[in-house]
file target-v7.cif (mmCIF, C-alpha atoms)
data_run
loop_
_atom_site.label_atom_id
_atom_site.label_comp_id
_atom_site.auth_asym_id
_atom_site.auth_seq_id
_atom_site.Cartn_x
_atom_site.Cartn_y
_atom_site.Cartn_z
CA MET A 171 -29.70 -18.48 -6.45
CA ASP A 172 -29.22 -15.23 -4.51
CA THR A 173 -27.67 -12.64 -6.82
CA THR A 174 -27.49 -9.90 -4.18
CA THR A 175 -24.66 -11.39 -2.15
CA LEU A 176 -21.12 -12.41 -2.99
CA THR A 177 -20.18 -16.09 -3.12
CA ARG A 178 -17.89 -17.43 -0.41
CA THR A 179 -15.26 -19.39 -2.36
CA LEU A 180 -11.90 -18.00 -1.21
CA ARG A 181 -9.96 -20.09 1.28
CA LEU A 182 -6.87 -19.10 3.24
CA PRO A 183 -4.23 -19.85 0.51
CA SER A 184 -6.16 -17.81 -2.08
CA LEU A 185 -6.54 -14.89 0.33
CA VAL A 186 -2.80 -14.92 1.11
CA LEU A 187 -1.87 -15.08 -2.59
CA PHE A 188 -4.17 -12.16 -3.36
CA GLY A 189 -2.61 -10.07 -0.61
CA LEU A 190 0.97 -10.89 -1.64
CA ALA A 191 0.18 -10.10 -5.29
CA TYR A 192 -1.25 -6.74 -4.17
CA LEU A 193 1.96 -5.96 -2.24
CA THR A 194 4.07 -6.28 -5.43
CA PRO A 195 7.09 -7.92 -3.67
CA ILE A 196 9.64 -6.59 -6.18
CA ILE A 197 9.00 -3.09 -4.80
CA VAL A 198 11.62 -3.88 -2.14
CA LEU A 199 14.21 -3.39 -4.89
CA GLY A 200 12.34 -0.52 -6.48
CA ILE A 201 12.91 1.71 -3.44
CA PHE A 202 15.98 0.00 -1.96
CA GLY A 203 18.31 2.93 -2.61
CA VAL A 204 15.95 5.43 -1.00
CA ILE A 205 15.55 3.33 2.16
CA SER A 206 19.23 2.43 2.40
CA GLU A 207 20.23 6.08 2.10
CA ALA A 208 17.74 7.18 4.77
CA ALA A 209 18.79 4.34 7.11
CA GLY A 210 22.52 4.89 6.65
CA GLY A 211 23.14 1.57 4.93
CA ALA A 212 20.87 -0.43 7.26
CA ALA A 213 17.92 -1.15 4.98
CA PRO A 214 17.06 -4.58 6.48
CA ALA A 215 16.98 -3.03 9.96
CA ALA A 216 14.53 -0.43 8.67
CA TYR A 217 12.38 -3.21 7.23
CA LEU A 218 12.45 -5.07 10.56
CA VAL A 219 11.13 -2.00 12.38
CA ALA A 220 8.46 -1.50 9.72
CA LEU A 221 7.55 -5.20 9.93
CA ALA A 222 7.08 -4.95 13.70
CA ALA A 223 4.71 -2.02 13.22
CA MET A 224 2.82 -3.83 10.46
CA LEU A 225 2.43 -7.04 12.50
CA LEU A 226 0.93 -5.11 15.41
CA THR A 227 -1.40 -3.31 13.01
CA ALA A 228 -2.21 -6.53 11.13
CA HIS A 229 -3.29 -8.01 14.47
CA SER A 230 -5.71 -5.09 14.90
CA TYR A 231 -7.05 -5.47 11.37
CA GLY A 232 -7.63 -9.13 12.14
CA ARG A 233 -9.62 -8.30 15.28
CA MET A 234 -11.76 -5.83 13.33
CA ALA A 235 -12.25 -8.22 10.41
CA ALA A 236 -13.52 -10.84 12.86
CA ALA A 237 -15.80 -8.32 14.60
CA PHE A 238 -17.18 -6.89 11.33
CA PRO A 239 -17.01 -9.69 8.72
CA VAL A 240 -18.15 -7.51 5.80
CA ALA A 241 -16.25 -6.11 2.86
CA GLY A 242 -14.47 -3.01 4.05
CA SER A 243 -11.36 -1.74 5.75
CA ALA A 244 -10.14 1.13 7.92
CA TYR A 245 -13.09 3.36 7.00
CA THR A 246 -15.65 0.77 8.16
CA TYR A 247 -13.76 -0.27 11.28
CA VAL A 248 -13.24 3.25 12.62
CA ARG A 249 -16.76 4.38 11.69
CA ARG A 250 -18.38 1.49 13.55
CA SER A 251 -16.04 1.42 16.55
CA ILE A 252 -15.22 5.07 17.23
CA ASP A 253 -17.39 7.62 15.42
CA SER A 254 -18.79 8.36 11.97
CA ARG A 255 -16.81 11.60 11.75
CA ALA A 256 -13.57 9.84 12.68
CA GLY A 257 -14.45 7.23 10.07
CA PHE A 258 -14.86 9.98 7.47
CA LEU A 259 -11.41 11.37 8.23
CA VAL A 260 -9.87 7.90 8.04
CA GLY A 261 -11.59 7.45 4.69
CA TRP A 262 -10.12 10.80 3.65
CA ALA A 263 -6.65 9.66 4.73
CA VAL A 264 -7.08 6.38 2.82
CA LEU A 265 -8.20 8.41 -0.20
CA LEU A 266 -4.78 10.08 -0.06
CA ASP A 267 -3.19 6.65 -0.55
CA TYR A 268 -5.51 5.66 -3.38
CA LEU A 269 -5.32 9.00 -5.19
CA PHE A 270 -1.55 9.44 -5.04
CA LEU A 271 -0.40 5.80 -5.09
CA PRO A 272 -0.54 5.60 -8.93
CA MET A 273 1.67 8.70 -9.04
CA VAL A 274 4.33 7.05 -6.85
CA ILE A 275 4.20 3.82 -8.86
CA TRP A 276 4.67 5.72 -12.13
CA LEU A 277 7.48 7.78 -10.56
CA ILE A 278 9.43 4.69 -9.49
CA GLY A 279 9.07 3.05 -12.91
CA ALA A 280 10.06 6.27 -14.68
CA SER A 281 13.12 6.69 -12.42
CA TYR A 282 14.50 3.32 -13.52
CA LEU A 283 13.79 3.96 -17.20
CA ASP A 284 15.36 7.41 -16.93
CA ALA A 285 18.55 5.90 -15.48
CA GLN A 286 18.71 3.38 -18.32
CA PHE A 287 17.80 5.84 -21.08
CA PRO A 288 19.05 9.26 -19.92
CA GLY A 289 18.56 10.78 -23.37
CA VAL A 290 14.79 10.60 -23.02
CA PRO A 291 13.23 13.45 -20.99
CA PHE A 292 12.07 12.23 -17.58
CA ALA A 293 8.66 13.81 -18.05
CA ALA A 294 8.16 11.70 -21.19
CA TRP A 295 8.27 8.48 -19.15
CA ILE A 296 5.76 9.85 -16.61
CA ILE A 297 3.39 11.05 -19.32
CA GLY A 298 3.77 7.76 -21.22
CA PHE A 299 2.82 5.71 -18.15
CA ILE A 300 -0.16 7.97 -17.46
CA VAL A 301 -1.53 8.06 -21.00
CA ILE A 302 -1.26 4.31 -21.68
CA THR A 303 -2.63 3.33 -18.26
CA THR A 304 -5.50 5.82 -18.41
CA VAL A 305 -6.57 4.76 -21.91
CA LEU A 306 -6.57 1.07 -20.95
CA ASN A 307 -8.57 1.75 -17.80
CA VAL A 308 -11.12 3.92 -19.64
CA LEU A 309 -11.65 1.10 -22.13
CA GLY A 310 -12.42 -1.15 -19.16
CA ILE A 311 -9.58 -3.65 -19.49
CA LYS A 312 -10.04 -6.69 -17.22
CA VAL A 313 -7.07 -8.46 -15.69
CA ALA A 314 -7.90 -12.04 -14.75
CA ASP A 315 -6.82 -13.59 -11.48
CA LYS A 316 -4.52 -15.97 -13.37
CA ALA A 317 -2.69 -13.01 -14.87
CA ASN A 318 -2.11 -11.65 -11.38
CA TYR A 319 -0.71 -14.97 -10.26
CA LEU A 320 1.55 -15.16 -13.33
CA LEU A 321 2.83 -11.68 -12.55
CA MET A 322 3.39 -12.74 -8.95
CA ALA A 323 5.33 -15.80 -10.11
CA PHE A 324 7.47 -13.68 -12.45
CA GLN A 325 8.29 -11.22 -9.67
CA LEU A 326 9.27 -14.02 -7.29
CA LEU A 327 11.42 -15.58 -10.04
CA VAL A 328 13.28 -12.31 -10.59
CA LEU A 329 13.69 -11.86 -6.83
CA THR A 330 14.97 -15.43 -6.48
CA PHE A 331 17.58 -14.89 -9.19
CA PHE A 332 18.52 -11.55 -7.64
CA VAL A 333 19.08 -13.15 -4.22
CA ALA A 334 20.98 -16.13 -5.71
CA LEU A 335 23.24 -13.87 -7.78
CA SER A 336 23.80 -11.59 -4.77
CA ILE A 337 24.85 -14.54 -2.61
CA THR A 338 27.18 -15.79 -5.34
CA TYR A 339 28.69 -12.33 -5.71
CA VAL A 340 29.28 -11.92 -1.96
CA VAL A 341 30.86 -15.38 -1.64
CA SER A 342 33.10 -14.96 -4.68
CA SER A 343 34.22 -11.45 -3.67
CA GLY A 344 35.39 -12.75 -0.29
CA GLY A 345 34.38 -9.59 1.55
CA PRO A 346 34.70 -9.25 5.34
CA GLY A 347 31.94 -11.03 7.20
CA GLY A 348 30.79 -13.04 4.20
CA LEU A 349 27.11 -13.95 4.15
CA VAL A 350 26.70 -13.54 7.92
CA SER A 351 27.18 -9.97 9.02
CA THR A 352 25.62 -7.42 11.36
CA GLU A 353 26.67 -4.51 9.13
CA PRO A 354 23.36 -4.40 7.18
CA PHE A 355 21.51 -3.97 10.49
CA LEU A 356 23.74 -1.56 12.39
CA ASN A 357 26.98 0.06 11.28
CA SER A 358 29.10 3.14 11.80
CA THR A 359 27.08 5.22 9.31
CA SER A 360 23.65 4.42 10.81
CA ASP A 361 21.89 5.05 14.10
CA LEU A 362 18.46 4.42 15.60
CA GLY A 363 17.09 7.73 14.32
CA MET A 364 18.19 6.98 10.75
CA ILE A 365 16.81 3.44 10.94
CA THR A 366 13.39 4.64 12.09
CA ALA A 367 13.42 7.29 9.35
CA GLY A 368 14.13 4.49 6.86
CA ALA A 369 11.36 2.40 8.43
CA ALA A 370 8.90 5.25 7.89
CA ILE A 371 9.65 4.99 4.16
CA ALA A 372 9.92 1.19 4.15
CA ALA A 373 6.30 0.96 5.29
CA TYR A 374 5.39 1.90 1.70
CA SER A 375 6.34 -1.64 0.66
CA PHE A 376 3.61 -3.02 2.95
CA LEU A 377 0.80 -0.85 1.60
CA GLY A 378 -2.02 -3.13 0.55
CA PHE A 379 -1.53 -5.89 3.15
CA ASP A 380 -4.97 -4.88 4.41
CA ALA A 381 -6.52 -4.88 0.91
CA VAL A 382 -7.53 -8.50 1.39
CA THR A 383 -10.26 -7.28 3.77
CA THR A 384 -12.23 -6.14 0.69
CA LEU A 385 -12.75 -9.87 -0.01
CA THR A 386 -14.28 -10.62 3.39
CA GLU A 387 -17.72 -11.35 1.92
CA GLU A 388 -16.15 -13.84 -0.51
CA ALA A 389 -14.01 -15.63 2.07
CA VAL A 390 -14.79 -19.03 3.54
CA GLU A 391 -15.06 -18.78 7.35
CA PRO A 392 -14.00 -15.11 7.36
CA ARG A 393 -13.93 -14.77 11.15
CA LYS A 394 -11.18 -17.39 11.25
CA ASN A 395 -9.43 -17.09 7.89
CA MET A 396 -9.34 -13.31 7.44
CA PRO A 397 -7.25 -12.55 10.58
CA ARG A 398 -4.90 -15.40 9.64
CA ALA A 399 -4.58 -14.17 6.06
CA ILE A 400 -3.80 -10.60 7.15
CA MET A 401 -1.06 -11.75 9.54
CA LEU A 402 0.45 -14.18 7.02
CA ILE A 403 0.52 -11.55 4.27
CA ALA A 404 2.35 -9.07 6.51
CA LEU A 405 4.71 -11.76 7.86
CA ILE A 406 5.57 -13.37 4.50
CA GLY A 407 5.85 -10.03 2.73
CA GLY A 408 8.03 -8.66 5.51
CA GLY A 409 10.21 -11.76 5.41
CA ILE A 410 10.77 -11.28 1.68
CA PHE A 411 11.62 -7.60 2.19
CA VAL A 412 14.12 -8.29 4.99
CA VAL A 413 15.91 -11.13 3.15
CA VAL A 414 16.15 -9.33 -0.18
CA SER A 415 17.29 -6.04 1.37
CA TYR A 416 19.84 -7.94 3.51
CA VAL A 417 21.62 -9.64 0.62
CA THR A 418 21.39 -6.46 -1.47
CA GLN A 419 22.97 -4.48 1.36
CA LEU A 420 25.77 -7.07 1.54
CA VAL A 421 26.51 -6.48 -2.15
CA HIS A 422 26.47 -2.71 -1.68
CA PRO A 423 27.39 -1.74 1.92
CA GLY A 424 26.48 1.76 3.02
CA GLY A 425 23.84 4.15 1.80
CA GLN A 426 25.67 6.09 -0.90
CA PHE A 427 24.62 5.60 -4.55
CA ASP A 428 25.25 7.34 -7.86
CA ASP A 429 21.47 7.43 -8.38
CA THR A 430 19.45 6.65 -5.26
CA ALA A 431 16.12 6.30 -7.10
CA SER A 432 17.42 3.51 -9.38
CA ALA A 433 20.10 1.96 -7.16
CA ALA A 434 18.91 -1.64 -7.54
CA SER A 435 19.31 -1.48 -11.32
CA GLN A 436 23.01 -0.74 -10.94
CA ILE A 437 23.34 -3.53 -8.37
CA ALA A 438 21.63 -5.93 -10.79
CA LEU A 439 24.25 -5.06 -13.41
CA GLN A 440 26.97 -5.55 -10.81
CA ILE A 441 25.88 -9.06 -9.82
CA GLY A 442 24.52 -10.39 -13.12
CA GLY A 443 25.93 -8.35 -15.98
CA GLN A 444 24.04 -6.79 -18.88
CA LEU A 445 21.70 -9.73 -19.45
CA PHE A 446 20.34 -9.92 -15.92
CA GLY A 447 20.34 -6.14 -15.71
CA ALA A 448 17.98 -6.06 -18.69
CA VAL A 449 15.79 -8.83 -17.24
CA PHE A 450 15.63 -7.03 -13.89
CA LEU A 451 14.69 -3.72 -15.51
CA ALA A 452 11.99 -5.39 -17.59
CA GLY A 453 10.60 -7.20 -14.56
CA LEU A 454 10.50 -4.05 -12.45
CA VAL A 455 8.91 -1.89 -15.15
CA VAL A 456 6.30 -4.51 -16.05
CA ALA A 457 5.43 -4.94 -12.38
CA GLN A 458 5.18 -1.17 -11.92
CA PHE A 459 2.97 -0.85 -15.00
CA ALA A 460 0.60 -3.60 -13.89
CA SER A 461 0.55 -2.22 -10.35
CA GLY A 462 -0.17 1.28 -11.65
CA LEU A 463 -2.99 -0.07 -13.81
CA ALA A 464 -4.66 -1.66 -10.79
CA ALA A 465 -3.97 1.30 -8.49
CA GLN A 466 -5.49 3.82 -10.90
CA ALA A 467 -8.53 1.61 -11.46
CA SER A 468 -9.03 1.26 -7.70
CA ALA A 469 -8.61 5.00 -7.09
CA SER A 470 -11.11 5.94 -9.79
CA ARG A 471 -13.70 3.51 -8.45
CA LEU A 472 -13.28 4.70 -4.88
CA LEU A 473 -13.83 8.27 -6.09
CA TYR A 474 -16.90 7.03 -7.97
CA ALA A 475 -18.30 5.35 -4.85
CA MET A 476 -17.73 8.50 -2.79
CA GLY A 477 -19.33 10.65 -5.51
CA ARG A 478 -22.31 8.32 -5.96
CA ASP A 479 -22.98 8.38 -2.22
CA ALA A 480 -22.58 12.20 -2.04
CA VAL A 481 -19.43 12.06 0.07
CA LEU A 482 -17.84 13.94 -2.85
CA PRO A 483 -19.70 16.10 -5.46
CA LYS A 484 -21.88 13.64 -7.36
CA GLY A 485 -21.94 15.61 -10.60
CA VAL A 486 -18.16 15.30 -10.92
CA PHE A 487 -17.18 12.01 -9.30
CA GLY A 488 -20.38 9.95 -9.37
CA ARG A 489 -20.60 9.56 -13.15
CA LEU A 490 -19.82 6.67 -15.52
CA ASP A 491 -18.91 6.93 -19.18
CA PRO A 492 -22.10 5.88 -21.05
CA ARG A 493 -20.16 3.89 -23.65
CA PHE A 494 -17.49 2.08 -21.65
CA ARG A 495 -19.28 2.00 -18.26
CA THR A 496 -16.11 3.14 -16.51
CA PRO A 497 -15.51 6.24 -14.33
CA ALA A 498 -13.64 7.97 -17.15
CA LEU A 499 -13.54 11.44 -15.56
CA ASN A 500 -12.13 10.02 -12.34
CA LEU A 501 -9.47 8.19 -14.34
CA VAL A 502 -8.49 11.45 -16.01
CA ILE A 503 -8.34 13.15 -12.59
CA THR A 504 -6.03 10.47 -11.17
CA GLY A 505 -3.91 10.74 -14.31
CA ALA A 506 -3.67 14.51 -13.86
CA VAL A 507 -2.63 14.02 -10.23
CA GLY A 508 0.08 11.68 -11.51
CA LEU A 509 1.70 14.56 -13.39
CA ILE A 510 2.87 15.88 -10.01
CA ALA A 511 5.47 13.07 -10.15
CA ILE A 512 7.44 15.20 -12.62
CA PHE A 513 8.29 17.58 -9.76
CA LEU A 514 8.83 15.11 -6.88
CA ASP A 515 11.48 12.60 -5.88
CA VAL A 516 10.80 9.04 -4.75
CA ALA A 517 11.61 9.65 -1.06
CA THR A 518 9.21 12.57 -0.65
CA SER A 519 6.41 10.94 -2.64
CA THR A 520 6.54 7.62 -0.74
CA SER A 521 6.60 9.51 2.57
CA PHE A 522 3.58 11.52 1.45
CA ILE A 523 1.69 8.31 0.73
CA ASN A 524 2.73 6.89 4.09
CA PHE A 525 1.18 9.89 5.88
CA GLY A 526 -2.27 8.62 4.94
CA ALA A 527 -1.34 5.02 5.70
CA PHE A 528 0.05 5.71 9.18
CA THR A 529 -2.93 7.92 10.02
CA ALA A 530 -5.32 5.10 9.08
CA PHE A 531 -3.21 2.43 10.80
CA THR A 532 -3.07 4.44 14.04
CA LEU A 533 -6.83 4.89 14.13
CA VAL A 534 -7.55 1.23 13.30
CA ASN A 535 -5.41 0.26 16.29
CA LEU A 536 -7.37 2.71 18.45
CA ALA A 537 -10.64 1.35 17.01
CA VAL A 538 -9.86 -2.05 18.55
CA ILE A 539 -9.52 -0.44 21.98
CA PHE A 540 -12.81 1.46 21.53
CA TYR A 541 -14.46 -1.80 20.48
CA PHE A 542 -13.08 -3.49 23.61
CA VAL A 543 -14.55 -0.77 25.86
CA ARG A 544 -17.93 -0.95 24.13
CA GLU A 545 -18.07 -4.73 24.41
CA ARG A 546 -17.06 -4.63 28.07
CA ARG A 547 -19.90 -2.21 28.79
CA ALA A 548 -22.25 -4.62 27.03
CA GLY A 549 -21.09 -7.39 29.35
CA ASN A 550 -18.86 -9.24 26.84
CA GLN A 551 -15.43 -10.26 28.10
CA LEU A 552 -12.58 -9.86 25.61
CA ASN A 553 -8.88 -10.63 25.94
CA VAL A 554 -7.05 -7.56 27.29
CA LEU A 555 -3.78 -8.48 25.55
CA SER A 556 -5.38 -8.82 22.11
CA TYR A 557 -7.80 -5.92 22.37
CA VAL A 558 -5.86 -3.36 24.44
CA VAL A 559 -2.14 -4.04 24.88
CA VAL A 560 -1.23 -5.04 21.31
CA PRO A 561 -3.41 -2.36 19.63
CA ALA A 562 -2.01 0.31 21.98
CA GLY A 563 1.50 -0.74 20.99
CA GLY A 564 0.54 -0.64 17.34
CA ALA A 565 -0.97 2.83 17.68
CA LEU A 566 2.13 4.17 19.43
CA VAL A 567 4.56 2.68 16.89
CA CYS A 568 2.53 3.90 13.89
CA ALA A 569 2.17 7.38 15.40
CA PHE A 570 5.92 7.48 16.04
CA LEU A 571 6.75 6.41 12.48
CA LEU A 572 4.29 9.04 11.24
CA SER A 573 6.36 11.66 13.07
CA GLN A 574 9.53 10.38 11.37
CA LEU A 575 8.33 11.11 7.84
CA ASP A 576 9.98 13.64 5.57
CA ALA A 577 9.22 17.25 6.65
CA ASN A 578 7.73 18.07 3.24
CA ALA A 579 5.52 14.98 3.46
CA LEU A 580 4.30 16.00 6.92
CA THR A 581 3.46 19.46 5.61
CA LEU A 582 1.63 18.14 2.54
CA GLY A 583 -0.13 15.49 4.62
CA SER A 584 -1.27 18.03 7.19
CA ILE A 585 -2.67 20.22 4.42
CA TRP A 586 -4.53 17.19 3.04
CA LEU A 587 -5.96 16.39 6.48
CA ALA A 588 -7.02 20.03 6.93
CA CYS A 589 -8.86 19.83 3.61
CA GLY A 590 -10.58 16.71 4.94
CA ILE A 591 -11.74 18.54 8.04
CA ILE A 592 -13.14 21.33 5.86
CA ALA A 593 -14.90 18.78 3.66
CA LEU A 594 -16.29 17.09 6.78
CA ALA A 595 -17.59 20.43 8.04
CA VAL A 596 -19.36 21.01 4.73
CA VAL A 597 -21.02 17.59 4.41
CA THR A 598 -22.07 17.58 8.08
CA ARG A 599 -23.35 21.18 8.05
CA GLY A 600 -20.86 22.39 10.58
CA PHE A 601 -20.43 19.00 12.31
CA ARG A 602 -24.12 18.99 13.32
CA THR A 603 -25.09 15.84 11.39
CA ALA A 604 -23.45 12.51 10.70
CA PRO A 605 -21.51 12.32 7.41
CA PRO A 606 -23.05 10.22 4.61
CA GLU A 607 -22.07 6.57 4.63
CA MET A 608 -20.75 4.83 1.54
CA SER A 609 -23.29 2.16 0.69
CA ALA A 610 -20.80 0.00 -1.18
CA THR A 611 -17.15 -0.78 -0.80
CA GLU A 612 -14.57 -0.39 -3.51
CA GLN A 613 -14.65 -4.14 -4.18
CA GLN A 614 -18.40 -4.04 -4.88
CA VAL A 615 -18.13 -0.94 -7.04
CA VAL A 616 -15.44 -2.56 -9.15
CA GLN A 617 -17.77 -5.47 -9.82
CA GLU A 618 -20.60 -3.10 -10.75
CA VAL A 619 -18.69 -1.02 -13.31
CA ALA A 620 -16.04 -3.44 -14.60
#
call {"tool": "encode", "arguments": {"input": "target-v7.cif", "output": "structure tokens"}}
result
Amino acid sequence: MDTTTLTRTLRLPSLVLFGLAYLTPIIVLGIFGVISEAAGGAAPAAYLVALAAMLLTAHSYGRMAAAFPVAGSAYTYVRRSIDSRAGFLVGWAVLLDYLFLPMVIWLIGASYLDAQFPGVPFAAWIIGFIVITTVLNVLGIKVADKANYLLMAFQLLVLTFFVALSITYVVSSGGPGGLVSTEPFLNSTSDLGMITAGAAIAAYSFLGFDAVTTLTEEAVEPRKNMPRAIMLIALIGGGIFVVVSYVTQLVHPGGQFDDTASAASQIALQIGGQLFGAVFLAGLVVAQFASGLAAQASASRLLYAMGRDAVLPKGVFGRLDPRFRTPALNLVITGAVGLIAIFLDVATSTSFINFGAFTAFTLVNLAVIFYFVRERRAGNQLNVLSYVVVPAGGALVCAFLLSQLDANALTLGSIWLACGIIALAVVTRGFRTAPPEMSATEQQVVQEVA
């Protein structure tokens, strides 16, 4: 038996379930207030715009996954299709997502706990999340696939009850328009600019739809199933986000809330009373904790892979704890980064994360066009619609949404990208040599050190 390659056992349903579990569907309620406020009470419209952008980008990821059926993602696709230096910068942008995603997850969970227990200092919730998560990850805790599926089932159950209770509330209240209304999509307090600004934040809910590409080497018929899985994950996830935000917006028209960061908790109390409010809070916090656990583990292992391959300083990032065989120092670093959440709000932090995502998405779309040109020169005929028109549309939409992010997020993101260019200059000796290539993907590194 060959022990140097991964076993192809994952079929289309398993790939889709993995991707949906990674999305954490309940996040649509976690940031509902932030999106609704930005979109002027048109949260589902913002999700529709974000979904359109994600479907175009998912199409491009599918084309790249079929062209390069190996474990990898934006970093690999851009490096192989455009240029190794462009690939490095995409990897740097993706690192922004991985490094700061745990911070945003902890911030959202802490915001809901702070609203429920205002007597406890907000910083205490952030620090509590960080300490518990970091300790568990240093010890090398393993979460089985079945646990992920159980968590997914619990989230969908809470969402189902939330939607059912919202529908019941709207029907019983006898409000204008009832269950069928255009108000959640366009109303007197929203406009196209506000909706696109909300969409720029709403894209946060989709982060991870491309994570399934890390399982390419374990997928059955990856050239066929991987593109399908990516599209289905984006489509099903987007459908959930639009439906849930629609009924939630019917319950609470407009974008004004007493506490924007924890708006859905108040809506849960409104539609289901104290009991459901407690169940909803528990479901959201548990989901955020589990998501933060996985996000921190992934970030630390990506840092380890980059350190081991000399993309980052090996003496700092490329080390494992001799006792637990986990990247303990990297876990501490990601935990320290998470402390920044004490000083940020949910809107700014999610926009900051989306800067890296939109940068990577834009370049993956462009990578498909570069691949098309290269293949044409080699005499291979590819479909112009799939390899030029759709990716070009995806690149334009993602670049536009990038420009709609919070001003602070654009500033912070630009600083991060500038640091990446400096790092690239250092590792390439003034851009004279190709940057080092990571010899293993995050998925492989996780298997090595877990």
call {"tool": "resolve_selection", "arguments": {"input": "target-v7.cif", "expression": "the PyMOL selection byres ((chain A and resi 247) around 9)", "output": "list in words"}}
result
Tyr231, Met234, Ala235, Ala237, Phe238, Gly242, Ser243, Ala244, Tyr245, Thr246, Val248, Arg249, Arg250, Ser251, Ile252, Gly257, Val534, Ala537 and Val538 of chain A
call {"tool": "resolve_selection", "arguments": {"input": "target-v7.cif", "expression": "the PyMOL selection byres ((chain A and resi 433) around 10)", "output": "MDAnalysis selection string"}}
result
chainID A and resid 199:204 206 281:282 285 422 425:432 434:438
call {"tool": "residues_around", "arguments": {"input": "target-v7.cif", "residues": "A:Leu266", "least_positions_apart": "5", "cutoff": "12 Å", "atoms": "all atoms listed in the file", "output": "PyMOL selection string"}}
result
chain A and resi 259-261+271-274+469+472-473+504+507+519-530+579+582-587+589-590
call {"tool": "closest_residue", "arguments": {"input": "target-v7.cif", "among": "A:Ala498, A:Leu306, A:Ala475, A:Val559", "to": "A:Leu536", "atoms": "all atoms listed in the file"}}
result
A:Val559
call {"tool": "atom_distance", "arguments": {"input": "target-v7.cif", "atom1": "atom CA of A:Gln440", "atom2": "atom CA of A:Gly462"}}
result
28.0 Å
call {"tool": "residues_around", "arguments": {"input": "target-v7.cif", "residues": "A:Ser351", "least_positions_apart": "5", "cutoff": "12 Å", "atoms": "only C-alpha atoms", "output": "tab-separated table (two decimals) with C-alpha atoms, keeping the file's coordinate frame"}}
result
chain	number	residue	atom	x	y	z
A	212	ALA	CA	20.87	-0.43	7.26
A	214	PRO	CA	17.06	-4.58	6.48
A	340	VAL	CA	29.28	-11.92	-1.96
A	345	GLY	CA	34.38	-9.59	1.55
A	346	PRO	CA	34.70	-9.25	5.34
A	356	LEU	CA	23.74	-1.56	12.39
A	357	ASN	CA	26.98	0.06	11.28
A	416	TYR	CA	19.84	-7.94	3.51
A	417	VAL	CA	21.62	-9.64	0.62
A	419	GLN	CA	22.97	-4.48	1.36
A	420	LEU	CA	25.77	-7.07	1.54
A	421	VAL	CA	26.51	-6.48	-2.15
A	423	PRO	CA	27.39	-1.74	1.92
call {"tool": "atom_distance", "arguments": {"input": "target-v7.cif", "atom1": "atom CA of A:Ala280", "atom2": "atom CA of A:Ala452"}}
result
12.2 Å
call {"tool": "closest_residue", "arguments": {"input": "target-v7.cif", "among": "A:Asp479, A:Glu353, A:Glu545, A:Glu391", "to": "A:Gly424", "atoms": "all atoms listed in the file"}}
result
A:Glu353
call {"tool": "atom_distance", "arguments": {"input": "target-v7.cif", "atom1": "atom CA of A:Arg602", "atom2": "atom CA of A:Val481"}}
result
15.7 Å
call {"tool": "closest_residue", "arguments": {"input": "target-v7.cif", "among": "A:Gly378, A:Gly211, A:Gly289, A:Gly508", "to": "A:Val264", "atoms": "all atoms listed in the file"}}
result
A:Gly378
call {"tool": "residues_around", "arguments": {"input": "target-v7.cif", "residues": "A:Ile197", "least_positions_apart": "2", "cutoff": "10 Å", "atoms": "all atoms listed in the file", "output": "PyMOL selection string"}}
result
chain A and resi 193-195+199-202+275+278+325+372+374-376+411+454+457-458
call {"tool": "closest_residue", "arguments": {"input": "target-v7.cif", "among": "A:Pro561, A:Gln466, A:Ala548, A:Arg398", "to": "A:Ala506", "atoms": "all atoms listed in the file"}}
result
A:Gln466
call {"tool": "closest_residue", "arguments": {"input": "target-v7.cif", "among": "A:Ala464, A:Ala228, A:Phe531, A:Leu329", "to": "A:Ala263", "atoms": "all atoms listed in the file"}}
result
A:Phe531
call {"tool": "residues_around", "arguments": {"input": "target-v7.cif", "residues": "A:Pro606", "least_positions_apart": "5", "cutoff": "9 Å", "atoms": "all atoms listed in the file", "output": "list in words"}}
result
Ser254, Phe258, Asp479, Ala480, Val481, Val597 and Thr598 of chain A
call {"tool": "closest_residue", "arguments": {"input": "target-v7.cif", "among": "A:Val560, A:Asp253, A:Glu207, A:Thr227", "to": "A:Thr603", "atoms": "only C-alpha atoms"}}
result
A:Asp253
call {"tool": "resolve_selection", "arguments": {"input": "target-v7.cif", "expression": "the PyMOL selection byres ((chain A and resi 441) around 10)", "output": "list in words"}}
result
Phe332, Val333, Ala334, Leu335, Ser336, Ile337, Thr338, Tyr339, Val340, Thr418, Val421, Gln436, Ile437, Ala438, Leu439, Gln440, Gly442, Gly443, Gln444, Phe446 and Gly447 of chain A
call {"tool": "write_last_selection", "arguments": {"input": "target-v7.cif", "atoms": "C-alpha atoms", "output": "short mmCIF file (atom, residue, chain, number, x, y, z; two decimals), in the coordinates of the input"}}
result
data_model
loop_
_atom_site.label_atom_id
_atom_site.label_comp_id
_atom_site.auth_asym_id
_atom_site.auth_seq_id
_atom_site.Cartn_x
_atom_site.Cartn_y
_atom_site.Cartn_z
CA PHE A 332 18.52 -11.55 -7.64
CA VAL A 333 19.08 -13.15 -4.22
CA ALA A 334 20.98 -16.13 -5.71
CA LEU A 335 23.24 -13.87 -7.78
CA SER A 336 23.80 -11.59 -4.77
CA ILE A 337 24.85 -14.54 -2.61
CA THR A 338 27.18 -15.79 -5.34
CA TYR A 339 28.69 -12.33 -5.71
CA VAL A 340 29.28 -11.92 -1.96
CA THR A 418 21.39 -6.46 -1.47
CA VAL A 421 26.51 -6.48 -2.15
CA GLN A 436 23.01 -0.74 -10.94
CA ILE A 437 23.34 -3.53 -8.37
CA ALA A 438 21.63 -5.93 -10.79
CA LEU A 439 24.25 -5.06 -13.41
CA GLN A 440 26.97 -5.55 -10.81
CA GLY A 442 24.52 -10.39 -13.12
CA GLY A 443 25.93 -8.35 -15.98
CA GLN A 444 24.04 -6.79 -18.88
CA PHE A 446 20.34 -9.92 -15.92
CA GLY A 447 20.34 -6.14 -15.71
#
